[in-house]
Each structure stands twice: as C-alpha cells, then as structure tokens.
Amino acid sequence: MGRRARERHGGAVTGGPAHHPSWEQARSLARAAAGAALPGVPRTLEDALGHALAEPLTALTDLPPFATSAMDGWAVSGPGPWQTGARGVLAGEQPEPLAAGSAVPIATGAPLPPGASAVLRREHGEVERSTSLLHPAGPGPLPEGHDVRPRGQECASGEPLLPAGTSVTPSVLGLAAASGYDRLMVHRRPSVELFVLGDELLDAGVPRGGRVRDALGPLLPSWLRGLGAEVIGRHRVADRLAELREAVAHSPADVVITTGSTAAGPVDFLHETLRLLDAELIVDSVSVRPGHPMLLARLPATADGRARLLVGLPGNPLAAVAGTATLAAPLLRALGGHAEPRSRGAVTDGALPGHPRDTRLLPVRTAGTGVAPLPYDGPAMLRGLALADALAVVPPGGAAAGDAVELLPLPTG
C-alpha cells in the first residue's frame, strides 16, 4: 500500500483507513489485517488446549481398534442356550477364543472373544444353577452382532476426523487421545500485551478523590485468552505521550491492546504515538455504538522481523467490550488459525433499541427461544453486561419484535 499522509491531532499517520467503516467492514478489515495464521508448532495434548489445529486430525487407528462389548453381560457364540464358562472377560484383557454354544461373562468395553457372535445383556439372561446353562429372556434368537461395537464403527485408520482450523477443546483432546495422538500440530497463539491507560484509575478499593476503579484490567485478559491469545503482560500506563510511545514501541507482543486515549481529549495520545512510530492506520473509528472511537493499526515490525498490530479500545468499559468484539476477536482468531465461527442468531422477544445511523452492540439475555434487552447499557456501564448472555448486533434504527438478530458470545471464564 502506498504511503498517504492523513492529518490528525497535529501529525500524520500513514495508511489509508476506511473512514468510519461499518461494523461488518471493520471486522473484515481486522481479519484481513492478520494475514496468514501464525506458524504451526507441536504441543502435547495438555498444552494444545485453546489452540487451533494447524493440520487436519486424521485417525491413527480404527475406532474402536477391535470389536468390543457395548454392555455388561455375556459374550455368546451361536444360538442359545449356552454353556457358561467360569472366567469372564474384562476391559484391557486379551480373551481366549469362544467355542460354539458357549458363553462367558463380559464387561462393557472388553474385547469380544474370537468366535463370539453377539452379547447378551445381563438383564436379558439367566443362568440355570444346576446345569450352568445361560438362557435368553427374549422369545426370539439373539441377532448376530447384537450389542457389539464392531471394529472401526466410529472411524477407520487414516480417516479425516477434524479439519485444520478447528479450535482445540476438551472434546477435541479426548478424540485425539482416543485416536492415538500424544502431540498435536497447532498454530502458535498470538501474544498480547495489554496497556491500560488513565491517570484516573485505581487498582484497589472504592472510587475516591475523583478517581475510579480500573474495570478493564480484570475484565479483558481472560477474554483475550478465550479468543486464543497468550497474554504476556498487563500494565498501567500514565497519560503521558513519552511513556505511551515507549511502551508501544518496545512491546514484543504480536498484538498490543490499549484501553483509552482513542478519542481527541487533552490527554489522548494514542494517535500521536502512532504518528511518531510511523504506524499504518487500518481502522480509525467504526460506525458502531458503543465503542465508536476504536482503532486498528499496523506497527513497525520487531527487530527479528515479526509483524505487530495494535488494537485501540475506548476507555469506557462497555465501549471497550464492543471494541474487543469488533476488532480484537476477529484479529486474534485469524492470527491463531481458528476457523471463522458459525454465526449464532435469535429472534427478539420485544423491540431492541438501536442507533439512528450506526450498528449497536446491546447486552441481551436469552429468554426461551428469544432475546430481551437489559437495562444499564450505557458506554460506561457494566451492570447490564454482567447479566447478559450475549451481545446482540442491532442494525441501524433498531430491531422490531420478532426480528432475527446476530448474537456475539461473551466470555464465561
């Protein structure tokens, strides 16, 4: 992209961002800014949680790897009644062959003995004490393969199980382990350094002396980790240009995230910092409420050539949440190699208030199959968000009762 000067706050910031892009455009620009996902690295199963698969997960074995019993009962050979054996088959054992007309007790998950034709559930059979004969309770013959999990029922060796880009959840780890994996090739997590700006912020106690508590320092790190980031630091930065420039310039993170200083107030130095660092503005304000004055910029590369990006979030708590959902979420997921999440929608129980011109991100609570708005939804408020299940994407002008709206998930831990 060619260099173009853009006058802002007394200086020039390179690049040509879309002026107040729509909410959808801003998210697309954030995904595109990530470029290629970060490289793949091998991780143990324990350490792979939360990463994205860098290559497809392919079965290393048949699942199950051998025929197994689906129930506690008896492995039987042929039609009944059957002569029972004394010793049963437990999971993890290698059973002896079963002769025709015979039966042996078997546990759920135990390998089926060679020669067995079916499994008779414990509650469906009875052993005659005097003859040790096992009689089926049902009137008809036991079908062949009854209550048997055949080899390869779930998958065959070499079969693709999950595509690259799949987020590694506990369920994915279980499938990988069952398939024979000890390590997974996953994309490296994007590293994030969080700078919380504002001389008015307190780290402890109740608000006092004109100062307020920092809400974003506790709120954002766990959310960023949930988006696949590795948070390498969280720091308070004073409202001084030199301190902010020093912090941003020397951050080793793939993504720097700042809170506050995105507007044009007397101590809002973020735009000037970006100008001094010769950064490229990609997004400079978004047509969304709250969170309108958010930004995304490309920083100079690190000494070893790694690309760096900066997401500037507004300082008001709910506005910063909107900025995280709009710019940080798609950027971090793309850098981490995560596939685009499926859109989740719902129908409104009642009207959702909107902004006359901009998209609105509104805290909502699900009620049955629909969603309802919550009070305390101002840019500086978190009370409504704490009760919310999601953020509803409300189009300009609002949504009427019965309209379908997109829902954005909120972090839960």
# chains A, B, ... in the order shown; residues from 1 in each chain; ligands from 1

$ select_by_dssp --residues "segment 5-221 of chain A" --states "strand (DSSP E)" --output "PyMOL selection string"
chain A and resi 7-8+11-12+18-19+40-44+57-58+68-69+73-76+82-84+102-106+118-121+125-128+133-136+148-149+160-162+183-187+191-197+201-202+212-213

$ closest_atom_pairs --of "segment 314-379 of chain A" --to "segment 217-224 of chain A" --cutoff "10 Å" --atoms "only C-alpha atoms" --output "CSV"
residue,atom,partner,partner_atom,distance
A:Pro317,CA,A:Leu219,CA,9.0
A:Ala320,CA,A:Leu220,CA,9.0
A:Val321,CA,A:Leu220,CA,8.2
A:Thr324,CA,A:Leu224,CA,8.5
A:Ala325,CA,A:Trp223,CA,9.9
A:Ala328,CA,A:Leu224,CA,8.1
A:Ala329,CA,A:Leu224,CA,7.9
A:Leu332,CA,A:Leu224,CA,8.2
A:Arg333,CA,A:Leu224,CA,9.9

$ residues_around --residues "Gly40 of chain A" --least-positions-apart "5" --cutoff "8 Å" --atoms "only C-alpha atoms" --output "JSON, numbers by chain"
{"A": [54, 185, 186, 187, 188]}

$ residues_around --residues "segment 402-413 of chain A" --least-positions-apart "5" --cutoff "6 Å" --atoms "only C-alpha atoms" --output "ChimeraX atom specification"
/A:223,344-348,390-393

$ closest_residue --among "A:Ala238, A:Leu296, A:Val76, A:Val255" --to "His20 of chain A" --atoms "only C-alpha atoms"
A:Leu296

$ closest_residue --among "A:Leu120, A:Ala264, A:Leu241, A:Leu175" --to "Ala59 of chain A" --atoms "only C-alpha atoms"
A:Leu175

$ closest_residue --among "A:Ala367, A:Leu313, A:Met381, A:Ile282" --to "Leu29 of chain A" --atoms "only C-alpha atoms"
A:Ile282

$ residues_around --residues "Glu193 of chain A" --least-positions-apart "6" --cutoff "6 Å" --atoms "only C-alpha atoms" --output "PyMOL selection string"
chain A and resi 231-233+253+256

$ write_last_selection --atoms "N, CA and C atoms" --output "JSON list (two decimals), in the first residue's frame"
[["chain", "number", "residue", "atom", "x", "y", "z"],
["A", 231, "VAL", "N", -1.60, -13.91, 26.79],
["A", 231, "VAL", "CA", -1.42, -12.58, 27.39],
["A", 231, "VAL", "C", -0.08, -12.57, 28.13],
["A", 232, "ILE", "N", 0.88, -11.84, 27.58],
["A", 232, "ILE", "CA", 2.22, -11.85, 28.15],
["A", 232, "ILE", "C", 2.45, -10.71, 29.14],
["A", 233, "GLY", "N", 1.48, -9.81, 29.25],
["A", 233, "GLY", "CA", 1.66, -8.72, 30.20],
["A", 233, "GLY", "C", 0.44, -7.83, 30.25],
["A", 253, "ALA", "N", 5.01, -8.03, 21.79],
["A", 253, "ALA", "CA", 3.81, -8.81, 21.50],
["A", 253, "ALA", "C", 3.45, -8.75, 20.03],
["A", 256, "VAL", "N", -0.59, -5.49, 20.36],
["A", 256, "VAL", "CA", -0.67, -4.57, 21.50],
["A", 256, "VAL", "C", -2.13, -4.12, 21.60]]

$ closest_residue --among "A:Ala118, A:Thr68, A:Gly35, A:Arg87" --to "Pro105 of chain A" --atoms "only C-alpha atoms"
A:Arg87

$ closest_residue --among "A:Pro170, A:Gly228, A:Pro113, A:Pro375" --to "Ser191 of chain A" --atoms "only C-alpha atoms"
A:Gly228

$ select_by_dssp --residues "segment 318-374 of chain A" --states "alpha helix (DSSP H)" --output "JSON, numbers by chain"
{"A": [318, 319, 320, 321, 322, 323, 329, 330, 331, 332, 333, 334, 335]}

$ residues_around --residues "Thr166 of chain A" --least-positions-apart "4" --cutoff "10 Å" --atoms "only C-alpha atoms" --output "ChimeraX atom specification"
/A:50-57,162,172,186,337-341

$ residues_around --residues "Ala297 of chain A" --least-positions-apart "3" --cutoff "6 Å" --atoms "only C-alpha atoms" --output "PDB file with N, CA, C and O atoms, in the first residue's frame"
ATOM      1  N   GLU A 280       0.746   2.389  10.564  1.00  0.00           N
ATOM      2  CA  GLU A 280      -0.242   2.449   9.484  1.00  0.00           C
ATOM      3  C   GLU A 280      -1.632   2.220  10.066  1.00  0.00           C
ATOM      4  O   GLU A 280      -1.927   1.145  10.605  1.00  0.00           O
ATOM      5  N   LEU A 281      -2.493   3.216   9.978  1.00  0.00           N
ATOM      6  CA  LEU A 281      -3.859   3.073  10.465  1.00  0.00           C
ATOM      7  C   LEU A 281      -4.665   2.237   9.480  1.00  0.00           C
ATOM      8  O   LEU A 281      -4.709   2.533   8.289  1.00  0.00           O
ATOM      9  N   ILE A 282      -5.304   1.207   9.987  1.00  0.00           N
ATOM     10  CA  ILE A 282      -6.154   0.354   9.161  1.00  0.00           C
ATOM     11  C   ILE A 282      -7.621   0.689   9.387  1.00  0.00           C
ATOM     12  O   ILE A 282      -8.414   0.763   8.449  1.00  0.00           O
ATOM     13  N   LEU A 309       0.645  -5.646  15.437  1.00  0.00           N
ATOM     14  CA  LEU A 309      -0.580  -4.880  15.256  1.00  0.00           C
ATOM     15  C   LEU A 309      -0.996  -4.281  16.591  1.00  0.00           C
ATOM     16  O   LEU A 309      -0.592  -4.763  17.659  1.00  0.00           O
ATOM     17  N   LEU A 310      -1.795  -3.225  16.530  1.00  0.00           N
ATOM     18  CA  LEU A 310      -2.299  -2.579  17.736  1.00  0.00           C
ATOM     19  C   LEU A 310      -3.802  -2.391  17.603  1.00  0.00           C
ATOM     20  O   LEU A 310      -4.287  -1.922  16.575  1.00  0.00           O
TER      21      LEU A 310
END

$ closest_residue --among "A:Asp349, A:Leu276, A:Arg342, A:Leu385" --to "Leu361 of chain A" --atoms "only C-alpha atoms"
A:Leu385
